[in-house]
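Okay, target-v7.pdb now, which holds PDB, N, CA and C atoms:
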ATOM      1  N   MET A  30      54.641  83.917  21.700
ATOM      2  CA  MET A  30      55.358  84.772  22.620
ATOM      3  C   MET A  30      56.593  85.343  21.942
ATOM      4  N   ILE A  31      56.935  86.537  22.313
ATOM      5  CA  ILE A  31      58.157  87.109  21.771
ATOM      6  C   ILE A  31      59.352  86.617  22.585
ATOM      7  N   ARG A  32      60.539  86.778  22.047
ATOM      8  CA  ARG A  32      61.745  86.259  22.683
ATOM      9  C   ARG A  32      61.958  86.766  24.105
ATOM     10  N   VAL A  33      61.718  88.034  24.332
ATOM     11  CA  VAL A  33      61.907  88.595  25.668
ATOM     12  C   VAL A  33      61.008  87.881  26.673
ATOM     13  N   GLU A  34      59.757  87.721  26.327
ATOM     14  CA  GLU A  34      58.817  87.040  27.218
ATOM     15  C   GLU A  34      59.234  85.598  27.449
ATOM     16  N   GLU A  35      59.702  84.925  26.413
ATOM     17  CA  GLU A  35      60.145  83.538  26.551
ATOM     18  C   GLU A  35      61.343  83.448  27.489
ATOM     19  N   GLY A  36      62.251  84.397  27.378
ATOM     20  CA  GLY A  36      63.421  84.420  28.261
ATOM     21  C   GLY A  36      63.023  84.601  29.712
ATOM     22  N   PHE A  37      62.106  85.533  29.968
ATOM     23  CA  PHE A  37      61.634  85.741  31.335
ATOM     24  C   PHE A  37      60.897  84.505  31.851
ATOM     25  N   GLN A  38      60.100  83.907  31.005
ATOM     26  CA  GLN A  38      59.359  82.720  31.426
ATOM     27  C   GLN A  38      60.310  81.583  31.801
ATOM     28  N   ARG A  39      61.359  81.382  31.037
ATOM     29  CA  ARG A  39      62.341  80.328  31.353
ATOM     30  C   ARG A  39      63.006  80.591  32.700
ATOM     31  N   ARG A  40      63.377  81.848  32.930
ATOM     32  CA  ARG A  40      64.043  82.181  34.199
ATOM     33  C   ARG A  40      63.099  82.014  35.376
ATOM     34  N   ILE A  41      61.841  82.391  35.225
ATOM     35  CA  ILE A  41      60.869  82.264  36.314
ATOM     36  C   ILE A  41      60.568  80.809  36.609
ATOM     37  N   THR A  42      60.436  80.000  35.577
ATOM     38  CA  THR A  42      60.132  78.576  35.745
ATOM     39  C   THR A  42      61.224  77.858  36.531
ATOM     40  N   ALA A  43      62.458  78.308  36.399
ATOM     41  CA  ALA A  43      63.590  77.669  37.065
ATOM     42  C   ALA A  43      63.721  78.060  38.534
ATOM     43  N   LEU A  44      62.932  79.010  38.998
ATOM     44  CA  LEU A  44      63.052  79.505  40.375
ATOM     45  C   LEU A  44      62.354  78.584  41.374
ATOM     46  N   PRO A  45      62.804  78.625  42.640
ATOM     47  CA  PRO A  45      62.091  77.897  43.692
ATOM     48  C   PRO A  45      60.652  78.416  43.834
ATOM     49  N   ALA A  46      59.783  77.573  44.343
ATOM     50  CA  ALA A  46      58.358  77.925  44.465
ATOM     51  C   ALA A  46      58.145  79.201  45.281
ATOM     52  N   ASP A  47      58.838  79.348  46.411
ATOM     53  CA  ASP A  47      58.653  80.553  47.226
ATOM     54  C   ASP A  47      59.104  81.809  46.489
ATOM     55  N   THR A  48      60.126  81.690  45.672
ATOM     56  CA  THR A  48      60.591  82.847  44.902
ATOM     57  C   THR A  48      59.554  83.226  43.844
ATOM     58  N   SER A  49      58.955  82.242  43.218
ATOM     59  CA  SER A  49      57.890  82.526  42.250
ATOM     60  C   SER A  49      56.710  83.207  42.930
ATOM     61  N   ARG A  50      56.362  82.737  44.115
ATOM     62  CA  ARG A  50      55.261  83.372  44.872
ATOM     63  C   ARG A  50      55.627  84.796  45.264
ATOM     64  N   LEU A  51      56.874  85.004  45.622
ATOM     65  CA  LEU A  51      57.339  86.347  45.963
ATOM     66  C   LEU A  51      57.162  87.276  44.759
ATOM     67  N   LEU A  52      57.573  86.829  43.581
ATOM     68  CA  LEU A  52      57.428  87.657  42.382
ATOM     69  C   LEU A  52      55.965  87.962  42.073
ATOM     70  N   LEU A  53      55.120  86.975  42.235
ATOM     71  CA  LEU A  53      53.698  87.185  41.993
ATOM     72  C   LEU A  53      53.130  88.196  42.986
ATOM     73  N   THR A  54      53.513  88.064  44.237
ATOM     74  CA  THR A  54      53.053  88.998  45.271
ATOM     75  C   THR A  54      53.555  90.404  44.969
ATOM     76  N   ALA A  55      54.809  90.519  44.571
ATOM     77  CA  ALA A  55      55.368  91.833  44.237
ATOM     78  C   ALA A  55      54.657  92.445  43.035
ATOM     79  N   ALA A  56      54.282  91.615  42.088
ATOM     80  CA  ALA A  56      53.635  92.114  40.870
ATOM     81  C   ALA A  56      52.248  92.687  41.142
ATOM     82  N   VAL A  57      51.547  92.159  42.120
ATOM     83  CA  VAL A  57      50.195  92.661  42.386
ATOM     84  C   VAL A  57      50.199  93.869  43.324
ATOM     85  N   GLU A  58      51.349  94.188  43.902
ATOM     86  CA  GLU A  58      51.468  95.375  44.744
ATOM     87  C   GLU A  58      51.891  96.519  43.826
ATOM     88  N   LEU A  59      50.948  97.319  43.411
ATOM     89  CA  LEU A  59      51.130  98.285  42.327
ATOM     90  C   LEU A  59      52.141  99.397  42.589
ATOM     91  N   VAL A  60      52.351  99.763  43.828
ATOM     92  CA  VAL A  60      53.223 100.896  44.132
ATOM     93  C   VAL A  60      54.691 100.489  44.188
ATOM     94  N   GLY A  61      54.962  99.218  44.467
ATOM     95  CA  GLY A  61      56.342  98.764  44.624
ATOM     96  C   GLY A  61      56.872  99.008  46.023
ATOM     97  N   ASP A  62      55.971  99.109  46.990
ATOM     98  CA  ASP A  62      56.334  99.370  48.381
ATOM     99  C   ASP A  62      56.975  98.118  48.991
ATOM    100  N   VAL A  63      58.281  98.184  49.234
ATOM    101  CA  VAL A  63      59.020  97.033  49.745
ATOM    102  C   VAL A  63      58.540  96.642  51.136
ATOM    103  N   THR A  64      58.268  97.612  51.996
ATOM    104  CA  THR A  64      57.809  97.316  53.353
ATOM    105  C   THR A  64      56.490  96.559  53.323
ATOM    106  N   LEU A  65      55.585  96.994  52.499
ATOM    107  CA  LEU A  65      54.302  96.307  52.365
ATOM    108  C   LEU A  65      54.503  94.902  51.803
ATOM    109  N   LEU A  66      55.402  94.758  50.844
ATOM    110  CA  LEU A  66      55.700  93.443  50.276
ATOM    111  C   LEU A  66      56.243  92.508  51.343
ATOM    112  N   TRP A  67      57.208  92.967  52.141
ATOM    113  CA  TRP A  67      57.776  92.098  53.184
ATOM    114  C   TRP A  67      56.709  91.665  54.180
ATOM    115  N   ARG A  68      55.802  92.578  54.531
ATOM    116  CA  ARG A  68      54.698  92.204  55.452
ATOM    117  C   ARG A  68      53.791  91.158  54.832
ATOM    118  N   ALA A  69      53.459  91.326  53.564
ATOM    119  CA  ALA A  69      52.598  90.350  52.881
ATOM    120  C   ALA A  69      53.288  88.988  52.809
ATOM    121  N   LEU A  70      54.581  88.982  52.501
ATOM    122  CA  LEU A  70      55.319  87.718  52.429
ATOM    123  C   LEU A  70      55.375  87.025  53.783
ATOM    124  N   ASP A  71      55.526  87.814  54.838
ATOM    125  CA  ASP A  71      55.528  87.246  56.191
ATOM    126  C   ASP A  71      54.207  86.539  56.470
ATOM    127  N   ARG A  72      53.105  87.161  56.098
ATOM    128  CA  ARG A  72      51.784  86.540  56.294
ATOM    129  C   ARG A  72      51.610  85.278  55.454
ATOM    130  N   LEU A  73      52.292  85.227  54.318
ATOM    131  CA  LEU A  73      52.222  84.056  53.441
ATOM    132  C   LEU A  73      53.224  82.970  53.845
ATOM    133  N   GLY A  74      54.058  83.271  54.833
ATOM    134  CA  GLY A  74      55.057  82.310  55.277
ATOM    135  C   GLY A  74      56.252  82.193  54.340
ATOM    136  N   ILE A  75      56.523  83.255  53.602
ATOM    137  CA  ILE A  75      57.644  83.273  52.665
ATOM    138  C   ILE A  75      58.743  84.144  53.267
ATOM    139  N   GLY A  76      59.920  83.556  53.454
ATOM    140  CA  GLY A  76      61.039  84.285  54.039
ATOM    141  C   GLY A  76      61.700  85.228  53.051
ATOM    142  N   LEU A  77      62.393  86.211  53.594
ATOM    143  CA  LEU A  77      63.071  87.199  52.755
ATOM    144  C   LEU A  77      64.157  86.581  51.890
ATOM    145  N   GLU A  78      64.668  85.417  52.297
ATOM    146  CA  GLU A  78      65.697  84.737  51.502
ATOM    147  C   GLU A  78      65.179  84.315  50.132
ATOM    148  N   ALA A  79      63.865  84.266  49.964
ATOM    149  CA  ALA A  79      63.277  83.909  48.665
ATOM    150  C   ALA A  79      63.556  84.975  47.610
ATOM    151  N   ALA A  80      63.957  86.163  48.024
ATOM    152  CA  ALA A  80      64.247  87.238  47.072
ATOM    153  C   ALA A  80      65.562  87.018  46.332
ATOM    154  N   ALA A  81      66.524  86.359  46.965
ATOM    155  CA  ALA A  81      67.868  86.220  46.391
ATOM    156  C   ALA A  81      67.874  85.549  45.007
ATOM    157  N   PRO A  82      67.175  84.425  44.805
ATOM    158  CA  PRO A  82      67.205  83.813  43.469
ATOM    159  C   PRO A  82      66.614  84.711  42.380
ATOM    160  N   ALA A  83      65.589  85.503  42.710
ATOM    161  CA  ALA A  83      64.979  86.402  41.723
ATOM    162  C   ALA A  83      65.945  87.527  41.356
ATOM    163  N   GLU A  84      66.652  88.043  42.355
ATOM    164  CA  GLU A  84      67.643  89.077  42.081
ATOM    165  C   GLU A  84      68.810  88.505  41.279
ATOM    166  N   ALA A  85      69.273  87.315  41.666
ATOM    167  CA  ALA A  85      70.392  86.675  40.970
ATOM    168  C   ALA A  85      70.040  86.371  39.507
ATOM    169  N   ALA A  86      68.773  86.073  39.249
ATOM    170  CA  ALA A  86      68.325  85.790  37.882
ATOM    171  C   ALA A  86      68.115  87.068  37.079
ATOM    172  N   GLY A  87      68.268  88.230  37.732
ATOM    173  CA  GLY A  87      68.109  89.497  37.030
ATOM    174  C   GLY A  87      66.672  89.858  36.728
ATOM    175  N   LEU A  88      65.748  89.344  37.526
ATOM    176  CA  LEU A  88      64.327  89.596  37.276
ATOM    177  C   LEU A  88      63.791  90.799  38.034
ATOM    178  N   VAL A  89      64.399  91.111  39.163
ATOM    179  CA  VAL A  89      63.856  92.146  40.029
ATOM    180  C   VAL A  89      64.977  92.728  40.883
ATOM    181  N   GLU A  90      64.778  93.965  41.318
ATOM    182  CA  GLU A  90      65.681  94.610  42.262
ATOM    183  C   GLU A  90      64.858  95.089  43.447
ATOM    184  N   PHE A  91      65.399  94.909  44.632
ATOM    185  CA  PHE A  91      64.739  95.377  45.843
ATOM    186  C   PHE A  91      65.603  96.473  46.452
ATOM    187  N   GLY A  92      65.081  97.672  46.444
ATOM    188  CA  GLY A  92      65.747  98.819  47.057
ATOM    189  C   GLY A  92      64.715  99.516  47.912
ATOM    190  N   THR A  93      64.572 100.810  47.724
ATOM    191  CA  THR A  93      63.496 101.516  48.417
ATOM    192  C   THR A  93      62.151 101.164  47.787
ATOM    193  N   ARG A  94      62.200 100.674  46.557
ATOM    194  CA  ARG A  94      61.020 100.197  45.830
ATOM    195  C   ARG A  94      61.368  98.890  45.142
ATOM    196  N   VAL A  95      60.346  98.112  44.815
ATOM    197  CA  VAL A  95      60.538  96.911  44.014
ATOM    198  C   VAL A  95      60.586  97.360  42.559
ATOM    199  N   ARG A  96      61.609  96.903  41.843
ATOM    200  CA  ARG A  96      61.729  97.284  40.437
ATOM    201  C   ARG A  96      61.944  96.029  39.600
ATOM    202  N   PHE A  97      60.980  95.747  38.731
ATOM    203  CA  PHE A  97      61.124  94.632  37.806
ATOM    204  C   PHE A  97      61.975  95.094  36.634
ATOM    205  N   ARG A  98      62.801  94.194  36.143
ATOM    206  CA  ARG A  98      63.658  94.534  34.999
ATOM    207  C   ARG A  98      62.983  94.180  33.705
TER     208      ARG A  98
END
Could you render the structure as structure tokens?
Amino acid sequence: MIRVEEGFQRRITALPADTSRLLLTAAVELVGDVTLLWRALDRLGIGLEAAAPAEAAGLVEFGTRVRFR
């Protein structure tokens, strides 16, 4: 693995389980539609608070679209 990938992997591994699931769910939603993501997370029983650790770790931004860094 290259250094960038290793850095991302370390940050993801340190996240709570629901936050990791949130990132995985966001990654498979190809358009980055935040509304669709929130609906999917609701069905999975993952609260919106799971987004905060991913944002704090600098892995993703949630605005009008989901944007991975």
Residues within 7 Å of range 40-51 of chain A, please, as number ranges by chain. Count all atoms listed in the file; anything in the same chain fewer than 3 positions from it doesn't count. A: 35-37, 54-56, 70, 75, 79-80, 82-83, 86
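One finds CA of Arg98 in chain A at 25.2 Å from CA of Gly74 in chain A.
Taking chain A and asking which residues DSSP calls strand (DSSP E or B) on the backbone, you get Asp62, Val89, Glu90, Phe91, Arg94, Val95, Arg96 and Phe97 of chain A.
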Rank A:Arg72, A:Arg39, A:Arg96, A:Arg32 by their smallest atom-to-atom distance to Leu59 in chain A, using only C-alpha atoms, and report the top residue only. A:Arg96
Apply DSSP to the structure's backbone, then extract all residues of chain A labelled helix (DSSP H, G or I) and return them as a PyMOL selection string. chain A and resi 32-42+46-57+63-73+77-85
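In this model, the gap between atom C of Glu34 in chain A and atom C of Glu84 in chain A comes to 17.1 Å.
Between atom C of Ala81 in chain A and CA of Leu52 in chain A lies a distance of 11.0 Å.
With the shown file loaded, the PyMOL selection byres ((chain A and resi 61) around 6) picks out Glu58, Leu59, Val60, Asp62, Val63, Thr93, Arg94 and Val95 of chain A.
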Just N, CA and C atoms for this one: save the residues we selected as a compact mmCIF listing (two decimals), in the coordinates of the input.
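File produced: again_7.txt:
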# COMPACT_ATOMS: atom_id res chain seq x y z
N GLU A 58 51.35 94.19 43.90
CA GLU A 58 51.47 95.38 44.74
C GLU A 58 51.89 96.52 43.83
N LEU A 59 50.95 97.32 43.41
CA LEU A 59 51.13 98.28 42.33
C LEU A 59 52.14 99.40 42.59
N VAL A 60 52.35 99.76 43.83
CA VAL A 60 53.22 100.90 44.13
C VAL A 60 54.69 100.49 44.19
N ASP A 62 55.97 99.11 46.99
CA ASP A 62 56.33 99.37 48.38
C ASP A 62 56.98 98.12 48.99
N VAL A 63 58.28 98.18 49.23
CA VAL A 63 59.02 97.03 49.74
C VAL A 63 58.54 96.64 51.14
N THR A 93 64.57 100.81 47.72
CA THR A 93 63.50 101.52 48.42
C THR A 93 62.15 101.16 47.79
N ARG A 94 62.20 100.67 46.56
CA ARG A 94 61.02 100.20 45.83
C ARG A 94 61.37 98.89 45.14
N VAL A 95 60.35 98.11 44.82
CA VAL A 95 60.54 96.91 44.01
C VAL A 95 60.59 97.36 42.56
Give the padded box for range 35-40 of chain A as JSON: axis-aligned, covering all atoms listed in the file, 6 Å on each side, centre and edge lengths in Å to one decimal.
{"center_x": 61.7, "center_y": 83.0, "center_z": 30.9, "size_x": 16.7, "size_y": 17.4, "size_z": 21.0}
